[in-house]
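Only one structure is covered here, and it is reproduced in the block below.
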Amino acid sequence: MVIGGAAMGLQGSAYLTKDIDFCYARTPANIERLANALQPFHPVLRGAPADLPFRFDAKTIAQGLNFTLSTDLGDLDFLGEVSGLGSFQEVLAESDVRTVGVVDCRVLSLEGLIKSKIAAGRPRDLYVLPELRGLSQVKKKAGVE
């Protein structure tokens, strides 16, 4: 499920981001799918020393939770839990469907984004709250959820 800055953009925000954040289900089958899907794109830990041994495989994912990666596709973050919301199931309850190109995908809702940004509490998260709240008000007045 798309979260973070990319979700903000899909919800109408003008905020630009350089990475894409996802919340992922931590079931064994999904962890295996995630590892297999990213393997061809050479994931490495973003910001870690180049000589640090690292394999983004099912065992690593199962033993970790949140991963910030650089890949051949660009920077991707995978979160097993989202601040202010919880695990995948709780995040799923705060999502809606948006069409990206020709694909329908789950995206964190404006209300979910607001909750997660407040909980994270970083200056860059707090900075976007007025825009997210404004977008939420506009959509509610327009009857668009």
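To be explicit about the labels: the chains of the structure tokens are called A, B, and onward in the order shown, and within each one the residues are counted from 1, while ligands get numbers from 1 in the order they are shown.
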Q.
Need the shell around Met8 (chain A): protein/DNA/RNA residues with any atom at most 9 Å away, counting only C-alpha atoms. Skip same-chain ones fewer than 3 positions apart. Format as a list of chain:residue names?
A. A:Ile3, A:Gly4, A:Gly5, A:Gln11, A:Gly12, A:Ser13, A:Ala14, A:Tyr15, A:Leu16, A:Val107, A:Leu108, A:Ser109, A:Leu110, A:Leu113, A:Leu132
Q.
Among chain A, which ones does DSSP assign to strand (DSSP E) (computed from the backbone)? Answer as a VMD selection string.
A. chain A and resid 2 to 3 19 to 23 44 to 45 66 to 71 74 to 79 81 to 82 86 to 87 95 to 100 103 to 108
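Among the candidate residues A:Gly74, A:Tyr24, A:Ile114, A:Lys140, the one lying nearest to Val128 (chain A) is A:Ile114, with distances computed using only C-alpha atoms.
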Q: Mind checking which residues fall within 12 Å of Glu94 (chain A), counting only C-alpha atoms, ignoring those fewer than 3 positions away in the same chain, and posting them as an MDAnalysis selection string?
A: chainID A and resid 1:3 7 23 82 84:91 97 106:116 145
Could you please take those selected residues and save N, CA, C and O atoms as a compact mmCIF listing (two decimals), in the first residue's frame?
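The result, stored in selection.txt:
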```
# COMPACT_ATOMS: atom_id res chain seq x y z
N MET A 1 0.84 -1.17 0.00
CA MET A 1 0.00 0.00 0.00
C MET A 1 0.89 1.24 0.00
O MET A 1 1.87 1.30 0.73
N VAL A 2 0.53 2.22 -0.81
CA VAL A 2 1.33 3.44 -0.93
C VAL A 2 1.02 4.36 0.26
O VAL A 2 -0.14 4.60 0.59
N ILE A 3 2.08 4.85 0.90
CA ILE A 3 1.95 5.76 2.03
C ILE A 3 2.92 6.92 1.80
O ILE A 3 3.54 7.02 0.75
N ALA A 7 1.72 8.96 -1.45
CA ALA A 7 0.29 8.93 -1.14
C ALA A 7 -0.27 10.35 -1.08
O ALA A 7 -1.38 10.61 -1.54
N CYS A 23 3.56 0.43 2.90
CA CYS A 23 3.32 -0.39 4.08
C CYS A 23 3.03 -1.79 3.56
O CYS A 23 2.27 -1.95 2.60
N VAL A 82 3.32 1.73 10.68
CA VAL A 82 3.30 3.16 10.38
C VAL A 82 2.96 3.91 11.67
O VAL A 82 1.97 3.58 12.34
N GLY A 84 1.47 6.13 14.36
CA GLY A 84 0.12 6.66 14.55
C GLY A 84 -0.99 5.78 14.02
O GLY A 84 -2.15 6.02 14.29
N LEU A 85 -0.63 4.73 13.25
CA LEU A 85 -1.65 3.86 12.67
C LEU A 85 -1.47 2.40 13.08
O LEU A 85 -2.42 1.74 13.42
N GLY A 86 -0.25 1.91 13.00
CA GLY A 86 0.02 0.53 13.38
C GLY A 86 0.47 -0.32 12.21
O GLY A 86 1.13 0.15 11.28
N SER A 87 0.05 -1.59 12.26
CA SER A 87 0.48 -2.57 11.26
C SER A 87 -0.36 -2.45 9.98
O SER A 87 -1.28 -1.63 9.89
N PHE A 88 -0.07 -3.30 9.04
CA PHE A 88 -0.73 -3.26 7.74
C PHE A 88 -2.25 -3.23 7.86
O PHE A 88 -2.92 -2.47 7.17
N GLN A 89 -2.81 -4.05 8.72
CA GLN A 89 -4.28 -4.12 8.83
C GLN A 89 -4.87 -2.79 9.28
O GLN A 89 -5.92 -2.37 8.78
N GLU A 90 -4.21 -2.13 10.23
CA GLU A 90 -4.70 -0.82 10.69
C GLU A 90 -4.53 0.24 9.59
O GLU A 90 -5.38 1.11 9.41
N VAL A 91 -3.44 0.15 8.85
CA VAL A 91 -3.20 1.09 7.75
C VAL A 91 -4.22 0.84 6.64
O VAL A 91 -4.76 1.79 6.05
N VAL A 97 -8.82 3.54 -2.56
CA VAL A 97 -8.27 3.10 -3.83
C VAL A 97 -8.11 4.29 -4.76
O VAL A 97 -9.01 5.12 -4.88
N ARG A 106 -4.06 0.59 -3.46
CA ARG A 106 -4.42 1.10 -2.14
C ARG A 106 -3.47 2.23 -1.78
O ARG A 106 -2.25 2.12 -1.93
N VAL A 107 -4.04 3.32 -1.28
CA VAL A 107 -3.29 4.53 -0.94
C VAL A 107 -3.78 5.02 0.41
O VAL A 107 -4.99 5.03 0.67
N LEU A 108 -2.88 5.43 1.26
CA LEU A 108 -3.26 5.96 2.57
C LEU A 108 -4.14 7.19 2.36
O LEU A 108 -3.82 8.07 1.57
N SER A 109 -5.26 7.24 3.08
CA SER A 109 -6.21 8.34 2.96
C SER A 109 -5.64 9.62 3.55
O SER A 109 -4.65 9.60 4.28
N LEU A 110 -6.29 10.72 3.27
CA LEU A 110 -5.87 12.00 3.86
C LEU A 110 -5.92 11.93 5.37
O LEU A 110 -5.00 12.39 6.05
N GLU A 111 -6.98 11.36 5.93
CA GLU A 111 -7.07 11.26 7.40
C GLU A 111 -5.97 10.38 7.95
O GLU A 111 -5.39 10.67 9.00
N GLY A 112 -5.66 9.29 7.26
CA GLY A 112 -4.56 8.43 7.67
C GLY A 112 -3.22 9.14 7.59
O GLY A 112 -2.37 9.00 8.48
N LEU A 113 -3.03 9.90 6.52
CA LEU A 113 -1.79 10.69 6.38
C LEU A 113 -1.66 11.69 7.52
O LEU A 113 -0.59 11.84 8.11
N ILE A 114 -2.75 12.37 7.85
CA ILE A 114 -2.72 13.35 8.94
C ILE A 114 -2.34 12.68 10.25
O ILE A 114 -1.46 13.15 10.97
N LYS A 115 -2.97 11.54 10.56
CA LYS A 115 -2.65 10.82 11.80
C LYS A 115 -1.18 10.41 11.83
O LYS A 115 -0.51 10.54 12.86
N SER A 116 -0.69 9.88 10.72
CA SER A 116 0.70 9.39 10.70
C SER A 116 1.70 10.54 10.79
O SER A 116 2.74 10.41 11.44
N GLU A 145 -14.74 11.68 -0.98
CA GLU A 145 -13.98 11.05 0.12
C GLU A 145 -12.88 10.20 -0.43
O GLU A 145 -12.89 9.67 -1.45
```
Q.
Can you tell me, as a PyMOL selection string, which residues in chain A count as helix (DSSP H, G or I) by DSSP?
A. chain A and resi 4-10+28-41+58-63+88-93+110-120+123-127+129-142
Q.
Could you list, as a ChimeraX atom specification, every residue within 12 Å of region 48-62 of chain A, counting only C-alpha atoms and ignoring same-chain residues fewer than 3 positions away?
A. /A:24-45,65-71,78-80
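Considering only C-alpha atoms, the residue among A:Ser136, A:Val100, A:Thr17, A:Asp72 positioned nearest to Arg124 (chain A) is A:Thr17.
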